[in-house]
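J.: Supplied in C-alpha cells, the structure appears directly below.
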Amino acid sequence: MGFGGKRIAVIGGGSGGMAFVNAALYAGLDNVQLYEQAPEFTEVGAGVNISKNANIILDTYGLKDSMTWKSSRDPPCYMEYRNDKTGQVMGQIDEFGQPSSRQIHRAHLLEAMKGKISKSILNTGKRLTAIEWSELGTKYIIRFADGTSAQADIIIGCDGIKSAVRAHLGFADHPNYSGQMVYRGYVEYSDLSPAAAWELRKTVVYRGKQRHILTLPIGNEESKTAKVGVIGFMTEPLEAWVSESWMAKAPVDRLAEQVEDWAPTVQEIISGLRKSAERGEDAGLILKQALYVRDPIPKWYQIQAGHPGAGIVLLGDSAHSTLPHQGQGTCMAIESGVALATILKKWKSDDLESAFALYQKIRKPRTDKVTKTSYEAGKLASADVPEQQSETFNPDALRERMKWIMNYNVLDDVYEQGSQFFDTKEQHVQAQL
C-alpha cells in the first residue's frame with residue numbers, strides 16, 4: 001500500500017529539502033512539492049565537505065558528474081591536523097574507499113542537487129506562517145506569508161535549525177550557543193605562495209588554544225572553481241555579538257588579531273582573506289556567524305489525531321542539528337532523506353505512525369552519536385593544550401576516527417530493520433548504494 005499516492009509537502013529548500021526531494025523521486029514518490037521561503041535557491045558559507053557515506057547516495061541519484069564538475073576530487077586524506085604555531089603535521093583522518101570526500105561551495109552543491117528536479121516541484125517565496133488541519137478533516141492547509149496556501153497529507157520539515165515546522169510541533173526549546181564565533185571567507189590559490197598552495201590542497205585544521213582554523217580545498221581547476229574555503233572557529237563571548245541575526249559581517253582584522261602569532265601559512269591565509277575581501281562588495285569584511293546547535297529531541301514526528309495516514313515529520317537540522325566539526329550536517333540530511341523516502345514508498349500498510357517510528361528508530365541513534373562526536377571533534381580542534389597529544393588525539397586514533405561514519409550504507413540499515421514492514425513486491429532493487 002505505502003504512501004506513494006499521498007500529497008507530500010517539503011518545507012525548506014536548503015540541502016535537507018533538496019536531499020529529500022531527490023530521495024523521493026528516486027524511491028518513486030511522485031506527488032511531492034517543495035516550498036522555500038527565499039526568492040531563489042541559494043546557500044551561504046565557505047563550503048561543505050561531503051564524505052563517502054553521502055556521496056554514495058548522491059551518485060546513485062545520478063548527481064556525480066554535476067557535483068564533481070565543481071567539487072574537489074580525490075583528496076589525499078579526509079582531514080589533516082597541524083599545529084597552530086609551527087604548522088607541523090600532527091595527524092590525519094583517513095578516507096575509507098570510494099567515492100572519497102568532495103569539497104564544494106554550498107551553492108554549487110545545491111545547484112547539483114536541484115539539477116534533476118522538475119521546476120514544477122520547486123516553489124520559492126513561500127515563508128511558512130501556519131499549518132492547519134482542514135475544517136473537513138481531510139488534509140493539512142499550509143499557509144504562507146504571501147497569502148497563498150497549499151494542501152498536503154504529509155509535511156516534512158526540512159527548514160533548518162530555526163525550523164518553523166519544529167515550533168509547530170510544540171518544541172519551545174532554544175538553540176544553544178556553542179561558545180564560538182565562526183569567520184568564513186575564501187582565498188584564491190593565486191594569492192598564496194607555491195608552498196602554502198600545496199599545503200592547502202587538502203582539508204586542514206590548524207589546532208590552536210580554544211580556537212582553530214579549518215581550510216577546505218573547494219572546487220577544481222577544470223571548472224575554474226578552485227579556491228580555499230576558510231572557516232575560523234574563535235572562542236568569543238556571546239555578549240559581544242550585537243547583530244539581531246546569527247549571521248553578520250566583520251573585518252578580517254578581527255580574525256587576524258586572534259591568530260597573529262600562528263604559522264606562516266596561516267598568515268598567508270589572512271593576507272589572502274584580505275585580498276578577497278577587498279575585491280568583494282563589502283571591502284575588508286567577511287562573514288561572521290554565531291555558532292548554535294540544538295539538543296536532540298525525543299520525538300521527530302506527530303500524527304494527526306483520528307487520521308492515521310496524515311502527519312508531520314522533521315528531517316535534517318530541524319530534527320538533528322550538529323556542530324560542523326566532522327562535516328556531517330548535510331551528510332546526515334542526505335542519509336535521512338533516502339531513509340524516509342524509502343520507508344514511505346515501500347510501507348505495506350496505511351499506518352503512518354509506525355512508518356515514522358521506524359524512520360526515527362533507524363536514524364536517531366546515529367544522528368545523536370554524530371552530534372556527540374562532532375562536539376568532541378570541536379574540542380579536539382580547539383584544544384586547551386594544542387601541542388599535546390592524548391588518548392583521543394594522536395595519529396593512530398585520528399586515522400580511524402570517522403571510519404564508523406564513512407563505512408555505512410543507510411539503505412542496508414533501512415532494509416535490515418524494515419523489510420518485515422515493506423511491500424515484498426518491490427525488493428532490494430533500489431538499495432544497491
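Numbering starts fresh at 1 for the residues of each chain in the C-alpha cells, the chains themselves are lettered A, B, ... in the order given, and ligands are numbered from 1 as they appear.
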Taking a cut-off of 12 Å and counting only C-alpha atoms, can you build a table that, for each residue of region 64-168 of chain A near region 280-292 of chain A, reports the nearest atom pair and how far apart they are in Å (one decimal), sorted by chain then residue number, as a tab-separated table?
T.:
```
residue	atom	partner	partner_atom	distance
A:Gly160	CA	A:Tyr292	CA	11.7
A:Ile161	CA	A:Tyr292	CA	8.5
A:Lys162	CA	A:Tyr292	CA	10.2
```
J.: Could you save those same residues with C-alpha atoms as a PDB file, in the first residue's frame?
T.:
```pdb
ATOM      1  CA  GLY A 160      16.827  24.071   9.437  1.00  0.00           C
ATOM      2  CA  ILE A 161      17.867  24.845  12.976  1.00  0.00           C
ATOM      3  CA  LYS A 162      15.329  27.711  13.221  1.00  0.00           C
TER       4      LYS A 162
END
```
J.: Region 155-241 of chain A near region 73-82 of chain A within 7 Å: what's each residue's closest atom pair and its distance in Å to one decimal, counting only C-alpha atoms, ordered by chain then ascending residue number, as CSV?
T.:
```
residue,atom,partner,partner_atom,distance
A:Lys202,CA,A:Pro75,CA,5.9
A:Thr203,CA,A:Met79,CA,4.9
A:Val204,CA,A:Glu80,CA,4.7
A:Val205,CA,A:Tyr81,CA,4.8
A:Tyr206,CA,A:Arg82,CA,4.9
A:Arg207,CA,A:Arg82,CA,6.0
```
J.: Output as a list in words all residues of region 284-359 of chain A that backbone DSSP marks as strand (DSSP E or B).
T.: Leu285, Ile286, Leu287, Lys288, Gln289, Ala290, Leu291, Tyr292, Val293, Tyr301, Gln302, Ile303, Gly311, Ile312, Val313, Leu314 and Trp347 of chain A
J.: I need the residues in region 86-330 of chain A that are alpha helix (DSSP H) according to DSSP; give them as a PyMOL selection string.
T.: chain A and resi 106-114+164-168+194-199+252-256+264-279+317-320+329-330
J.: Which one of A:Met1, A:Met113, A:Ala196, A:Ala339 sits closest to Leu315 (chain A) if you count only C-alpha atoms?
T.: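 Of A:Met1, A:Met113, A:Ala196, A:Ala339, the one nearest Leu315 (chain A), counting only C-alpha atoms, is A:Ala339.
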J.: As an MDAnalysis selection string, please: the residues near Asp153 (chain A) (cut-off 7 Å, only C-alpha atoms, same-chain neighbours under 4 positions excluded).
T.: chainID A and resid 6:8 139:140 310:311
J.: Can I get the residues of region 48-100 of chain A within 9 Å of region 14-29 of chain A, each with the closest pair of atoms and their distance in Å to one decimal, using only C-alpha atoms, sorted chain first then ascending number, as a tab-separated table?
T.:
```
residue	atom	partner	partner_atom	distance
A:Ile57	CA	A:Ala23	CA	8.8
A:Leu58	CA	A:Asn22	CA	8.6
A:Thr60	CA	A:Tyr26	CA	8.7
A:Tyr61	CA	A:Tyr26	CA	6.5
```
J.: List as a ChimeraX atom specification the protein and nucleic acid residues near Ile156 (chain A), meaning an atom at most 6 Å away when only C-alpha atoms are counted, but skip any in the same chain fewer than 3 places from it.
T.: /A:10,312-314
J.: Could you list, as a list in words, every residue within 9 Å of Ile405 (chain A), counting only C-alpha atoms and ignoring same-chain residues fewer than 2 positions away?
T.: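 My reading of the contact set: Ser51, Lys52, Asn53, Gln328, Arg366, Val370, Arg401, Met402, Lys403, Asn407 and Tyr408 of chain A.
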J.: What is the CA of Ile50 (chain A) to CA of Ile104 (chain A) distance in Å?
T.: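 Those two atoms sit 7.9 Å apart.
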J.: Determine, counting only C-alpha atoms, which protein, DNA and RNA residues have an atom within 7 Å of an atom of Ala381 (chain A); residues of the same chain fewer than 2 positions away are not included. Present the result as a ChimeraX atom specification.
T.: /A:207,212,377-379,383
J.: With only C-alpha atoms as the basis for distance, which of A:Ile362, A:Ala9, A:Ala130, A:Met67 is at the shortest distance from Ala112 (chain A)?
T.: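 Nearest to Ala112 (chain A): A:Met67.
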J.: Could you check how far CA of Phe393 (chain A) sits from CA of Pro296 (chain A), in Å to one decimal?
T.: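 Spanning CA of Phe393 (chain A) to CA of Pro296 (chain A) is a straight-line distance of 25.9 Å.
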J.: Check which residues of region 261-280 of chain A sit at most 8 Å from region 249-253 of chain A using only C-alpha atoms, and return one row each with the closest pair of atoms and their distance in Å to one decimal, ordered by chain and rising number, as a Markdown table.
T.:
```
| residue | atom | partner | partner_atom | distance |
| --- | --- | --- | --- | --- |
| A:Ile270 | CA | A:Val252 | CA | 7.4 |
| A:Leu273 | CA | A:Val252 | CA | 6.9 |
| A:Arg274 | CA | A:Val252 | CA | 6.2 |
| A:Ala277 | CA | A:Val252 | CA | 7.8 |
```
J.: Keeping N, CA, C and O atoms for every residue in the selection just given, could you write it to a file as a CSV table (one decimal), in the first residue's frame?
T.:
```
chain,number,residue,atom,x,y,z
A,270,ILE,N,45.4,34.7,6.1
A,270,ILE,CA,44.9,36.0,6.5
A,270,ILE,C,45.1,37.1,5.4
A,270,ILE,O,44.2,37.8,5.0
A,273,LEU,N,42.7,36.3,2.6
A,273,LEU,CA,41.3,36.8,3.0
A,273,LEU,C,41.1,38.3,2.8
A,273,LEU,O,40.1,38.7,2.3
A,274,ARG,N,42.2,39.0,3.2
A,274,ARG,CA,42.1,40.5,3.0
A,274,ARG,C,42.0,40.8,1.5
A,274,ARG,O,41.2,41.7,1.1
A,277,ALA,N,38.5,39.9,0.3
A,277,ALA,CA,37.5,40.8,0.9
A,277,ALA,C,37.5,42.2,0.2
A,277,ALA,O,36.5,42.8,0.0
```
J.: At what distance in Å, to one decimal, does CA of Ile56 (chain A) lie from CA of Phe421 (chain A)?
T.: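 Interatomic distance here is 24.9 Å.
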